[in-house]
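Engineer: Input structure: coords35.csv, which contains CSV, C-alpha atoms and all ligand atoms.
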chain,number,residue,atom,x,y,z
A,17,MET,CA,-0.9,3.8,31.3
A,18,THR,CA,1.3,6.5,32.7
A,19,PRO,CA,5.0,7.1,31.7
A,20,GLN,CA,6.0,5.7,35.1
A,21,GLU,CA,4.4,2.4,34.4
A,22,SER,CA,6.3,2.2,31.1
A,23,ALA,CA,9.6,2.8,32.8
A,24,GLY,CA,10.5,-0.9,32.9
A,25,GLY,CA,10.2,-1.3,29.2
A,26,ARG,CA,12.8,-3.0,27.1
A,27,VAL,CA,13.7,-2.1,23.6
A,28,LEU,CA,12.8,-5.0,21.3
A,29,PRO,CA,13.9,-5.7,17.8
A,30,VAL,CA,11.3,-4.7,15.2
A,31,VAL,CA,10.5,-7.5,12.6
A,32,ARG,CA,9.9,-6.7,9.0
A,33,ALA,CA,7.7,-8.1,6.3
A,34,PRO,CA,7.6,-10.8,5.0
A,35,ASP,CA,7.9,-12.2,8.5
A,36,PRO,CA,4.7,-14.3,8.8
A,37,VAL,CA,4.0,-13.0,12.3
A,38,LEU,CA,2.9,-9.8,10.7
A,39,SER,CA,0.2,-11.6,8.7
A,40,ARG,CA,-1.2,-13.6,11.5
A,41,PRO,CA,-4.2,-12.3,13.5
A,42,GLY,CA,-3.0,-11.7,17.1
A,43,ALA,CA,-4.5,-13.5,20.0
A,44,LEU,CA,-6.8,-11.8,22.5
A,45,VAL,CA,-4.9,-11.2,25.7
A,46,ASP,CA,-5.6,-10.8,29.4
A,47,PRO,CA,-4.8,-7.2,30.0
A,48,THR,CA,-4.1,-7.8,33.7
A,49,ALA,CA,-1.5,-10.5,33.1
A,50,THR,CA,2.1,-9.6,34.2
A,51,GLU,CA,3.6,-10.5,30.8
A,52,ILE,CA,1.1,-8.2,29.0
A,53,VAL,CA,1.9,-5.3,31.3
A,54,GLN,CA,5.6,-6.0,30.5
A,55,LEU,CA,4.8,-6.2,26.8
A,56,ALA,CA,3.0,-2.9,26.9
A,57,ALA,CA,6.0,-1.3,28.6
A,58,ASP,CA,8.3,-2.9,26.0
A,59,LEU,CA,6.2,-1.6,23.1
A,60,VAL,CA,6.3,2.0,24.5
A,61,ALA,CA,10.1,1.8,25.1
A,62,THR,CA,10.7,0.5,21.6
A,63,MET,CA,8.4,3.2,20.1
A,64,ARG,CA,10.3,5.9,22.0
A,65,VAL,CA,13.7,5.0,20.6
A,66,SER,CA,12.5,4.7,17.0
A,67,PRO,CA,12.7,8.0,15.2
A,68,GLY,CA,9.3,9.2,13.8
A,69,CYS,CA,7.5,6.2,15.2
A,70,VAL,CA,3.9,7.0,16.3
A,71,GLY,CA,2.7,3.5,17.1
A,72,LEU,CA,3.8,0.0,17.5
A,73,ALA,CA,1.9,-3.3,17.7
A,74,ALA,CA,2.9,-6.5,19.4
A,75,PRO,CA,3.2,-8.5,16.1
A,76,GLN,CA,5.9,-6.0,15.1
A,77,VAL,CA,8.1,-7.2,17.9
A,78,GLY,CA,7.3,-10.8,17.0
A,79,ILE,CA,4.5,-11.4,19.4
A,80,SER,CA,1.1,-12.4,18.0
A,81,ALA,CA,-1.1,-10.6,20.4
A,82,LYS,CA,-3.7,-7.8,20.3
A,83,VAL,CA,-1.7,-5.1,22.1
A,84,PHE,CA,-0.4,-1.8,20.7
A,85,CYS,CA,0.8,1.6,21.7
A,86,VAL,CA,0.2,4.9,20.1
A,87,ASP,CA,1.7,8.4,20.6
A,88,VAL,CA,1.1,11.0,17.9
A,89,SER,CA,1.7,14.0,20.2
A,90,ALA,CA,5.0,15.0,18.7
A,91,HIS,CA,3.9,14.5,15.1
A,92,PRO,CA,3.4,17.6,12.9
A,93,LYS,CA,0.2,16.2,11.3
A,94,THR,CA,-1.4,15.8,14.7
A,95,ARG,CA,-4.5,17.9,15.7
A,96,GLY,CA,-6.0,16.5,18.9
A,97,HIS,CA,-4.5,13.5,20.7
A,98,HIS,CA,-4.5,11.4,23.9
A,99,GLY,CA,-0.7,11.3,24.5
A,100,THR,CA,0.9,8.0,25.0
A,101,PHE,CA,-1.4,5.0,25.6
A,102,VAL,CA,-1.5,1.3,25.2
A,103,LEU,CA,-4.7,-0.7,24.4
A,104,CYS,CA,-5.3,-4.4,24.5
A,105,ASN,CA,-8.0,-6.3,22.5
A,106,ALA,CA,-9.0,-3.0,20.8
A,107,GLU,CA,-11.8,-2.9,18.2
A,108,VAL,CA,-13.3,-0.2,16.1
A,109,ILE,CA,-16.8,0.8,17.3
A,110,SER,CA,-17.4,3.4,14.6
A,111,ALA,CA,-15.4,4.9,11.7
A,112,THR,CA,-16.5,7.8,9.6
A,113,ARG,CA,-15.2,10.5,7.2
A,114,ASN,CA,-12.7,8.6,5.1
A,115,GLU,CA,-9.6,10.5,4.1
A,116,LYS,CA,-6.7,9.2,1.9
A,117,ALA,CA,-3.1,9.8,3.0
A,118,ARG,CA,0.3,8.2,2.5
A,119,GLU,CA,1.4,5.8,5.2
A,120,GLY,CA,4.5,4.0,6.1
A,121,CYS,CA,5.4,1.3,8.6
A,122,MET,CA,8.5,0.4,10.5
A,123,SER,CA,7.9,-3.2,9.4
A,124,VAL,CA,7.8,-2.2,5.7
A,125,PRO,CA,10.6,0.3,5.6
A,126,ASP,CA,11.1,0.5,1.9
A,127,LEU,CA,7.5,1.2,0.7
A,128,THR,CA,4.7,3.6,1.4
A,129,GLY,CA,1.1,3.5,0.3
A,130,ASP,CA,-1.9,5.7,-0.1
A,131,VAL,CA,-4.5,4.4,2.3
A,132,LYS,CA,-8.1,5.5,2.9
A,133,ARG,CA,-8.9,5.6,6.6
A,134,ALA,CA,-11.7,7.1,8.7
A,135,SER,CA,-10.7,10.4,10.2
A,136,ARG,CA,-13.4,10.2,13.0
A,137,LEU,CA,-13.0,7.0,15.0
A,138,VAL,CA,-14.4,5.5,18.2
A,139,VAL,CA,-12.3,2.6,19.5
A,140,ARG,CA,-12.9,0.3,22.5
A,141,GLY,CA,-10.1,-1.5,24.3
A,142,PHE,CA,-8.7,-2.4,27.7
A,143,GLU,CA,-5.8,-0.8,29.7
A,144,PRO,CA,-2.9,-3.0,30.5
A,145,GLY,CA,-2.6,-3.5,34.3
A,146,SER,CA,-6.0,-2.4,35.5
A,147,GLY,CA,-7.8,-4.1,32.7
A,148,ALA,CA,-10.2,-1.1,32.7
A,149,GLU,CA,-12.4,-0.7,29.6
A,150,VAL,CA,-11.5,2.4,27.6
A,151,VAL,CA,-13.7,4.0,24.9
A,152,LEU,CA,-11.7,6.5,23.0
A,153,GLU,CA,-12.7,9.0,20.4
A,154,ALA,CA,-9.9,10.0,18.0
A,155,GLU,CA,-9.7,12.1,14.9
A,156,ALA,CA,-7.4,12.8,12.0
A,157,PHE,CA,-3.8,11.5,12.4
A,158,GLU,CA,-4.4,9.8,15.7
A,159,ALA,CA,-7.4,8.0,14.2
A,160,ARG,CA,-5.2,6.9,11.3
A,161,ALA,CA,-2.5,5.6,13.7
A,162,LEU,CA,-5.1,3.7,15.7
A,163,GLN,CA,-6.5,2.0,12.6
A,164,HIS,CA,-3.0,1.1,11.4
A,165,GLU,CA,-2.1,-0.5,14.8
A,166,ILE,CA,-5.5,-2.3,15.1
A,167,ASP,CA,-4.8,-3.7,11.6
A,168,HIS,CA,-1.4,-5.0,12.8
A,169,CYS,CA,-3.2,-6.8,15.7
A,170,ASP,CA,-5.5,-8.4,13.1
A,171,GLY,CA,-2.6,-9.5,10.9
A,172,LEU,CA,-3.1,-6.8,8.3
A,173,LEU,CA,-0.5,-4.4,6.9
A,174,PHE,CA,-1.1,-1.1,5.0
A,175,LEU,CA,-0.2,-3.2,1.9
A,176,ASP,CA,-3.6,-4.9,2.3
A,177,ARG,CA,-5.3,-1.6,2.3
A,178,VAL,CA,-3.7,0.5,-0.4
A,179,ALA,CA,-6.1,2.5,-2.5
A,180,GLY,CA,-5.1,1.2,-5.9
A,181,ALA,CA,-2.4,-0.2,-8.2
A,182,HIS,CA,-0.8,3.2,-8.4
A,183,ALA,CA,-1.0,3.8,-4.6
A,184,LEU,CA,2.1,1.8,-3.7
A,185,HIS,CA,5.4,3.8,-3.7
A,186,ALA,CA,9.1,3.0,-3.2
A,187,ARG,CA,10.5,5.0,-0.3
A,188,LYS,CA,14.1,4.8,-1.4
A,189,THR,CA,16.0,5.0,-4.7
A,190,TYR,CA,17.7,1.9,-6.0
A,191,LEU,CA,21.2,3.3,-6.0
B,896,MET,CA,-4.7,9.0,-38.7
B,897,PRO,CA,-4.8,6.2,-36.2
B,898,LEU,CA,-3.8,6.5,-32.6
B,899,LEU,CA,-0.1,6.1,-31.8
B,900,ALA,CA,1.4,4.1,-28.9
B,901,ILE,CA,4.7,5.5,-27.9
B,902,THR,CA,7.1,3.9,-25.4
B,903,VAL,CA,10.2,5.4,-24.0
B,904,LEU,CA,12.5,3.2,-21.9
B,905,GLY,CA,15.9,3.4,-20.4
B,906,HIS,CA,18.3,5.3,-18.2
B,907,ASP,CA,16.6,7.9,-16.1
B,908,ARG,CA,17.7,11.6,-16.1
B,909,PRO,CA,15.9,14.9,-15.7
B,910,GLY,CA,14.2,16.2,-18.8
B,911,ILE,CA,13.1,13.1,-20.6
B,912,ILE,CA,9.4,13.9,-20.3
B,913,ALA,CA,9.9,17.5,-21.3
B,914,GLU,CA,11.9,16.5,-24.4
B,915,THR,CA,9.4,13.8,-25.4
B,916,THR,CA,6.3,15.9,-24.9
B,917,GLY,CA,7.9,18.9,-26.6
B,918,VAL,CA,8.4,16.9,-29.8
B,919,LEU,CA,4.9,15.6,-29.6
B,920,ALA,CA,3.5,19.1,-29.2
B,921,GLN,CA,5.5,20.4,-32.1
B,922,LEU,CA,4.0,17.6,-34.2
B,923,GLY,CA,0.5,18.6,-33.1
B,924,LEU,CA,-0.1,15.4,-31.3
B,925,ASN,CA,-2.5,15.3,-28.4
B,926,ILE,CA,-1.5,13.0,-25.5
B,927,GLU,CA,-4.6,11.1,-24.6
B,928,ASP,CA,-3.5,8.7,-21.9
B,929,SER,CA,-0.1,8.3,-20.5
B,930,THR,CA,1.7,6.6,-17.6
B,931,MET,CA,5.3,6.9,-16.4
B,932,THR,CA,7.2,5.3,-13.6
B,933,LEU,CA,10.6,4.2,-12.5
B,934,LEU,CA,11.1,0.4,-12.7
B,935,ARG,CA,14.1,-0.6,-10.6
B,936,GLY,CA,15.3,3.0,-11.3
B,937,HIS,CA,14.8,2.8,-15.0
B,938,PHE,CA,12.6,5.3,-16.8
B,939,ALA,CA,9.5,3.8,-18.3
B,940,MET,CA,6.8,5.8,-20.1
B,941,MET,CA,3.9,4.8,-22.4
B,942,LEU,CA,1.7,7.3,-24.1
B,943,VAL,CA,-1.2,7.1,-26.5
B,944,THR,CA,-1.5,10.1,-28.8
B,945,ASP,CA,-4.0,11.3,-31.4
B,946,GLY,CA,-3.1,13.6,-34.3
B,947,ALA,CA,-2.0,13.9,-37.9
B,948,SER,CA,1.4,12.3,-37.8
B,949,ASP,CA,2.4,8.7,-38.8
B,950,ALA,CA,4.5,6.4,-36.7
B,951,GLY,CA,7.6,6.8,-38.8
B,952,THR,CA,7.6,10.6,-38.6
B,953,VAL,CA,7.2,10.5,-34.8
B,954,GLU,CA,9.9,8.0,-34.3
B,955,GLU,CA,12.3,10.1,-36.5
B,956,SER,CA,11.4,13.3,-34.6
B,957,LEU,CA,12.2,11.5,-31.3
B,958,ALA,CA,15.6,10.4,-32.5
B,959,GLY,CA,17.3,12.9,-30.3
B,960,LEU,CA,16.3,10.9,-27.3
B,961,THR,CA,17.9,7.7,-28.5
B,962,ALA,CA,21.1,9.3,-30.0
B,963,ASP,CA,23.4,8.4,-27.0
B,964,GLY,CA,22.0,4.9,-26.7
B,965,SER,CA,20.6,5.5,-23.1
B,966,LEU,CA,17.0,5.4,-24.2
B,967,SER,CA,14.9,3.4,-26.6
B,968,VAL,CA,11.8,4.7,-28.2
B,969,SER,CA,9.1,2.8,-30.2
B,970,VAL,CA,6.1,4.2,-31.9
B,971,ARG,CA,3.4,2.1,-33.5
B,972,GLU,CA,-0.1,2.6,-34.7
B,973,ILE,CA,-3.0,1.2,-32.7
B,974,PRO,CA,-6.7,1.0,-33.3
B,975,THR,CA,-9.2,3.0,-31.3
B,976,GLU,CA,-10.6,0.8,-28.5
B,977,SER,CA,-14.0,1.4,-26.9
B,978,VAL,CA,-13.3,2.0,-23.2
B,979,SER,CA,-15.9,0.0,-21.2
B,980,SER,CA,-15.7,-1.2,-17.7
B,981,ARG,CA,-17.4,-4.5,-17.4
B,982,GLY,CA,-18.6,-5.9,-14.1
B,983,SER,CA,-17.3,-4.9,-10.7
B,984,ALA,CA,-13.9,-3.5,-9.8
B,985,TYR,CA,-11.8,-5.3,-7.1
B,986,LEU,CA,-8.4,-4.6,-5.6
B,987,LEU,CA,-6.1,-7.6,-5.2
B,988,SER,CA,-3.2,-7.3,-2.8
B,989,VAL,CA,-0.5,-10.0,-2.5
B,990,HIS,CA,2.6,-9.7,-0.3
B,991,GLY,CA,5.1,-12.1,1.1
B,992,GLY,CA,8.6,-13.5,0.7
B,993,ASP,CA,10.1,-13.1,-2.8
B,994,ARG,CA,10.0,-16.3,-4.9
B,995,PRO,CA,9.6,-17.1,-8.6
B,996,GLY,CA,6.1,-17.5,-9.9
B,997,ILE,CA,4.0,-15.4,-7.6
B,998,VAL,CA,2.6,-13.1,-10.3
B,999,SER,CA,1.8,-15.9,-12.7
B,1000,ALA,CA,0.2,-18.1,-10.2
B,1001,VAL,CA,-2.0,-15.3,-8.8
B,1002,VAL,CA,-3.1,-13.8,-12.1
B,1003,ALA,CA,-3.8,-17.3,-13.5
B,1004,GLU,CA,-6.7,-17.6,-10.9
B,1005,VAL,CA,-8.0,-14.2,-12.0
B,1006,ALA,CA,-7.9,-15.3,-15.7
B,1007,LYS,CA,-9.8,-18.5,-14.9
B,1008,VAL,CA,-12.9,-16.5,-13.9
B,1009,SER,CA,-12.4,-14.2,-16.9
B,1010,GLY,CA,-11.3,-11.4,-14.6
B,1011,ASN,CA,-9.6,-8.5,-16.4
B,1012,ILE,CA,-6.6,-6.8,-14.8
B,1013,THR,CA,-6.8,-3.1,-15.5
B,1014,ASP,CA,-3.9,-1.9,-13.5
B,1015,LEU,CA,-0.9,-3.7,-12.0
B,1016,THR,CA,2.0,-2.8,-9.9
B,1017,THR,CA,4.6,-5.1,-8.4
B,1018,ARG,CA,7.5,-4.0,-6.1
B,1019,LEU,CA,10.4,-6.0,-4.7
B,1020,ALA,CA,11.8,-4.3,-1.5
B,1021,GLY,CA,14.4,-6.4,0.1
B,1022,ASP,CA,12.9,-9.9,0.5
B,1023,LEU,CA,9.4,-8.5,0.4
B,1024,TYR,CA,7.4,-8.9,-2.8
B,1025,VAL,CA,4.2,-6.9,-3.2
B,1026,LEU,CA,1.6,-7.2,-6.0
B,1027,ILE,CA,-1.3,-4.8,-6.2
B,1028,ALA,CA,-3.8,-5.3,-9.1
B,1029,GLU,CA,-7.1,-3.7,-10.0
B,1030,VAL,CA,-9.3,-6.4,-11.4
B,1031,ASP,CA,-12.7,-6.1,-13.2
B,1032,LEU,CA,-14.7,-9.2,-12.5
B,1033,PRO,CA,-17.7,-10.1,-14.7
B,1034,GLY,CA,-21.1,-10.0,-13.0
B,1035,SER,CA,-21.2,-13.8,-13.4
B,1036,ALA,CA,-17.9,-14.4,-11.6
B,1037,ASP,CA,-18.0,-16.4,-8.4
B,1038,VAL,CA,-16.2,-13.9,-6.2
B,1039,ALA,CA,-16.2,-16.1,-3.1
B,1040,GLY,CA,-14.8,-19.0,-5.2
B,1041,LEU,CA,-12.0,-16.8,-6.6
B,1042,GLN,CA,-11.2,-15.7,-3.0
B,1043,ARG,CA,-10.8,-19.3,-2.0
B,1044,ALA,CA,-8.7,-20.2,-5.0
B,1045,LEU,CA,-6.5,-17.2,-4.4
B,1046,GLU,CA,-6.1,-18.1,-0.8
B,1047,GLY,CA,-5.2,-21.7,-1.9
B,1048,VAL,CA,-2.5,-20.5,-4.3
B,1049,ALA,CA,-1.2,-17.9,-1.8
B,1050,GLY,CA,-1.0,-20.6,0.9
B,1051,GLU,CA,1.2,-22.8,-1.4
B,1052,LEU,CA,3.4,-19.8,-2.2
B,1053,GLY,CA,3.6,-18.8,1.4
B,1054,VAL,CA,2.3,-15.3,0.7
B,1055,GLY,CA,-0.8,-13.4,1.9
B,1056,VAL,CA,-3.7,-12.3,-0.3
B,1057,THR,CA,-6.6,-10.0,0.1
B,1058,LEU,CA,-9.4,-9.3,-2.5
B,1059,ARG,CA,-11.8,-6.5,-1.8
B,1060,PRO,CA,-14.2,-4.3,-3.7
B,1061,LEU,CA,-12.6,-1.2,-5.0
B,1062,GLU,CA,-14.8,1.6,-3.7
B,1063,SER,CA,-14.8,5.1,-4.8
B,1064,ASP,CA,-16.2,7.9,-2.7
B,1065,ASP,CA,-18.2,10.2,-4.8
B,1066,LEU,CA,-18.1,13.6,-3.3
C,1101,ZN,ZN,2.9,-0.5,11.0
Would you mind giving the structure from this file in structure tokens?

Structural biologist:
Amino acid sequence: MTPQESAGGRVLPVVRAPDPVLSRPGALVDPTATEIVQLAADLVATMRVSPGCVGLAAPQVGISAKVFCVDVSAHPKTRGHHGTFVLCNAEVISATRNEKAREGCMSVPDLTGDVKRASRLVVRGFEPGSGAEVVLEAEAFEARALQHEIDHCDGLLFLDRVAGAHALHARKTYL
Amino acid sequence: MPLLAITVLGHDRPGIIAETTGVLAQLGLNIEDSTMTLLRGHFAMMLVTDGASDAGTVEESLAGLTADGSLSVSVREIPTESVSSRGSAYLLSVHGGDRPGIVSAVVAEVAKVSGNITDLTTRLAGDLYVLIAEVDLPGSADVAGLQRALEGVAGELGVGVTLRPLESDDL
């Protein structure tokens, strides 16, 4: 979707774990439905106002649906990227070349975790509005962001994927 | 001389590890395995050392750490254990709203199938409670059965649980 299409987006409150909506698999959606187009715009608007946010999935704004947005273009870890986009009903087609890196999440603000993710990824999804099928090849940080958001749509957090008992870290001090 | 198990616990400040390991080096002790973390901001370290000093001597030599009362140190002799991994390694992840009894209820299911927890971290962050455990399950263990039992317990506690094989990429 283009930035013009996201212009009508509203900034929604982001829910935090342990809110059960984050652990529920999201419903498949009709990407052409008006409310899904609105949701897509809302996700982009909410991502835009959140510092450092490179992706946001519908369950994070309390809506159990398979819709997310990603934009890694401004992130220092980014190599190649596709700018801002929203996908509905996305699924991973192929995932190769695992790399481990530390991940955080707006819905788990106090913890980070080392998570192994594919650094070469092919994803299929549908554009909100047109409903057109999109097959997207991503690598490196964008691939990581996509897997993180697709996990959200499946009711999974990075906490379900950390690499080991010593791979979970407190982000803040306790003082 | 037997191995020594040394624990250092208490108020965190820079330099605790340097002081501790400096004393151990002077005594000619080799640090075999060690782990250190902050638990709710408190310093917590455990080491196993090998060398020609007895527990009493080491504890006396570490007295400088405990002098102001901010740290406690204990040293005890332990036998050599044969390190053997039995069965298959799994990673257990539990997260949800904080409530009493999450850890005990979950690990009880692991114990029922003779699973051995080899590493465990729990964190409380706001209302969110997270448990990550590495578990060795014996070859005879009914993994699918354990999965169901864990899901049952997790459902009662209102938390989510995942159990998956712990893979290592050999490069
Ligand atoms: Zn997230």

Engineer: Give me the chain B side of the contact with chain A, cut-off 8 Å, one line per residue showing its nearest atom pair and distance in Å at one decimal, counting all atoms listed in the file, sorted by chain and residue number, as CSV.

Structural biologist:
residue,atom,partner,partner_atom,distance
B:Arg935,CA,A:Tyr190,CA,6.4
B:Gly936,CA,A:Tyr190,CA,5.9
B:Leu986,CA,A:Gly180,CA,6.7
B:Ser988,CA,A:Asp176,CA,5.7
B:Val989,CA,A:Asp176,CA,7.7
B:His990,CA,A:Pro34,CA,7.4
B:Gly991,CA,A:Pro34,CA,4.8
B:Gly992,CA,A:Pro34,CA,5.2
B:Asp1014,CA,A:Ala181,CA,5.8
B:Leu1015,CA,A:Ala181,CA,5.4
B:Thr1016,CA,A:Ala181,CA,5.4
B:Arg1018,CA,A:Ala186,CA,7.7
B:Ala1020,CA,A:Asp126,CA,5.9
B:Gly1021,CA,A:Asp126,CA,7.9
B:Asp1022,CA,A:Pro34,CA,7.0
B:Leu1023,CA,A:Pro34,CA,5.4
B:Val1025,CA,A:Leu175,CA,7.7
B:Ile1027,CA,A:Ala181,CA,5.1
B:Ala1028,CA,A:Ala181,CA,5.4
B:Glu1029,CA,A:Ala181,CA,6.1
B:Gly1055,CA,A:Ser39,CA,7.1
B:Val1056,CA,A:Asp176,CA,7.8
B:Thr1057,CA,A:Asp176,CA,6.3
B:Leu1061,CA,A:Ala179,CA,7.9

Engineer: When you look at Thr100 (chain A) with a cut-off of 7 Å (counting all atoms listed in the file), what residues show up, excluding the ones that are within fewer than 2 positions of it in the same chain? I need them as a list of chain:residue names.

Structural biologist: A:Val86, A:Asp87, A:His98

Engineer: Given the choices A:Ala81, A:Lys116, A:Leu38, A:Lys132, which gets closest to ligand ZN 1101 (chain C) if the distance is worked out from all atoms listed in the file?

Structural biologist: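 Answer, going by the shortest atom-to-atom distance: A:Leu38.
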
Engineer: By how many Å are CA of Asn1011 (chain B) and CA of Pro1033 (chain B) apart?

Structural biologist: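 Going from CA of Asn1011 (chain B) over to CA of Pro1033 (chain B) covers 8.4 Å.
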
Engineer: Set the cut-off to 8 Å, count all atoms listed in the file, and list whatever residues fall near ligand ZN 1101 (chain C) as a list of chain:residue names.

Structural biologist: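 These are the residues that qualify: A:Gly71, A:Leu72, A:Ala73, A:Gln76, A:Gly120, A:Cys121, A:Met122, A:Ser123, A:Val124, A:His164, A:Glu165, A:His168, A:Leu173, A:Phe174.
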
Engineer: Separation of CA of Ile52 (chain A) and CA of Gly147 (chain A), in Å?

Structural biologist: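 If I compute the distance from CA of Ile52 (chain A) to CA of Gly147 (chain A), I get 10.5 Å.
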
Engineer: At what distance in Å, to one decimal, does CA of Ala154 (chain A) lie from CA of Ala117 (chain A)?

Structural biologist: 16.5 Å

Engineer: Calculated over all atoms listed in the file, which of the candidates B:Leu957, B:Tyr985, B:Ala947, B:Gly923 has the smallest distance to Glu1062 (chain B)?

Structural biologist: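 Counting all atoms listed in the file, the residue closest to Glu1062 (chain B) is B:Tyr985.
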
Engineer: Compile the contact shell of Ala111 (chain A) as a list in words: residues with an atom at most 9 Å away, counting all atoms listed in the file, same-chain residues fewer than 2 positions apart removed.

Structural biologist: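 Everything that qualifies: Val108, Ile109, Arg113, Asn114, Arg133, Ala134, Ser135, Arg136, Leu137, Val138, Val139 and Ala159 of chain A.
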
Engineer: Only C-alpha atoms, please: the residues just picked out, written as a PDB file, keeping the file's coordinate frame.

Structural biologist:
ATOM      1  CA  VAL A 108     -13.300  -0.200  16.100  1.00  0.00           C
ATOM      2  CA  ILE A 109     -16.800   0.800  17.300  1.00  0.00           C
ATOM      3  CA  ARG A 113     -15.200  10.500   7.200  1.00  0.00           C
ATOM      4  CA  ASN A 114     -12.700   8.600   5.100  1.00  0.00           C
ATOM      5  CA  ARG A 133      -8.900   5.600   6.600  1.00  0.00           C
ATOM      6  CA  ALA A 134     -11.700   7.100   8.700  1.00  0.00           C
ATOM      7  CA  SER A 135     -10.700  10.400  10.200  1.00  0.00           C
ATOM      8  CA  ARG A 136     -13.400  10.200  13.000  1.00  0.00           C
ATOM      9  CA  LEU A 137     -13.000   7.000  15.000  1.00  0.00           C
ATOM     10  CA  VAL A 138     -14.400   5.500  18.200  1.00  0.00           C
ATOM     11  CA  VAL A 139     -12.300   2.600  19.500  1.00  0.00           C
ATOM     12  CA  ALA A 159      -7.400   8.000  14.200  1.00  0.00           C
TER      13      ALA A 159
END

Engineer: For Ala950 (chain B), which residue among B:Val1048, B:Ala984, B:Leu899, B:Val1001 is the nearest when counting only C-alpha atoms?

Structural biologist: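 Closest candidate: B:Leu899.
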
Engineer: For Gly1010 (chain B), which residue among B:Leu924, B:Val1030, B:Ile911, B:Met931 is the nearest when counting all atoms listed in the file?

Structural biologist: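 Ranking B:Leu924, B:Val1030, B:Ile911, B:Met931 by distance to Gly1010 (chain B), first place goes to B:Val1030.
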
Engineer: Please provide as a list in words all residues within 7 Å of Thr62 (chain A), with the sequence filter that same-chain residues fewer than 3 positions apart are discarded (counting only C-alpha atoms).

Structural biologist: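 The residues satisfying every condition are Arg26, Val27, Leu28, Asp58, Leu59, Val65 and Ser66 of chain A.
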
Engineer: Mind checking which residues fall within 12 Å of Ala958 (chain B), counting all atoms listed in the file, ignoring those fewer than 3 positions away in the same chain, and posting them as an MDAnalysis selection string?

Structural biologist: chainID B and resid 903 914:915 918 951:955 961:970

Engineer: Choose the residue, out of B:Gly905, B:Gly1034, B:Pro974, B:Gly982, that has the smallest atom-to-atom separation from Ala939 (chain B); count only C-alpha atoms.

Structural biologist: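 Ranking B:Gly905, B:Gly1034, B:Pro974, B:Gly982 by distance to Ala939 (chain B), first place goes to B:Gly905.
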
Engineer: Using all atoms listed in the file, can you tell me which of A:Cys169, A:Val131, A:Leu162, A:Ala148 comes closest to Asp46 (chain A)?

Structural biologist: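 Smallest separation from Asp46 (chain A) among the options: A:Ala148.
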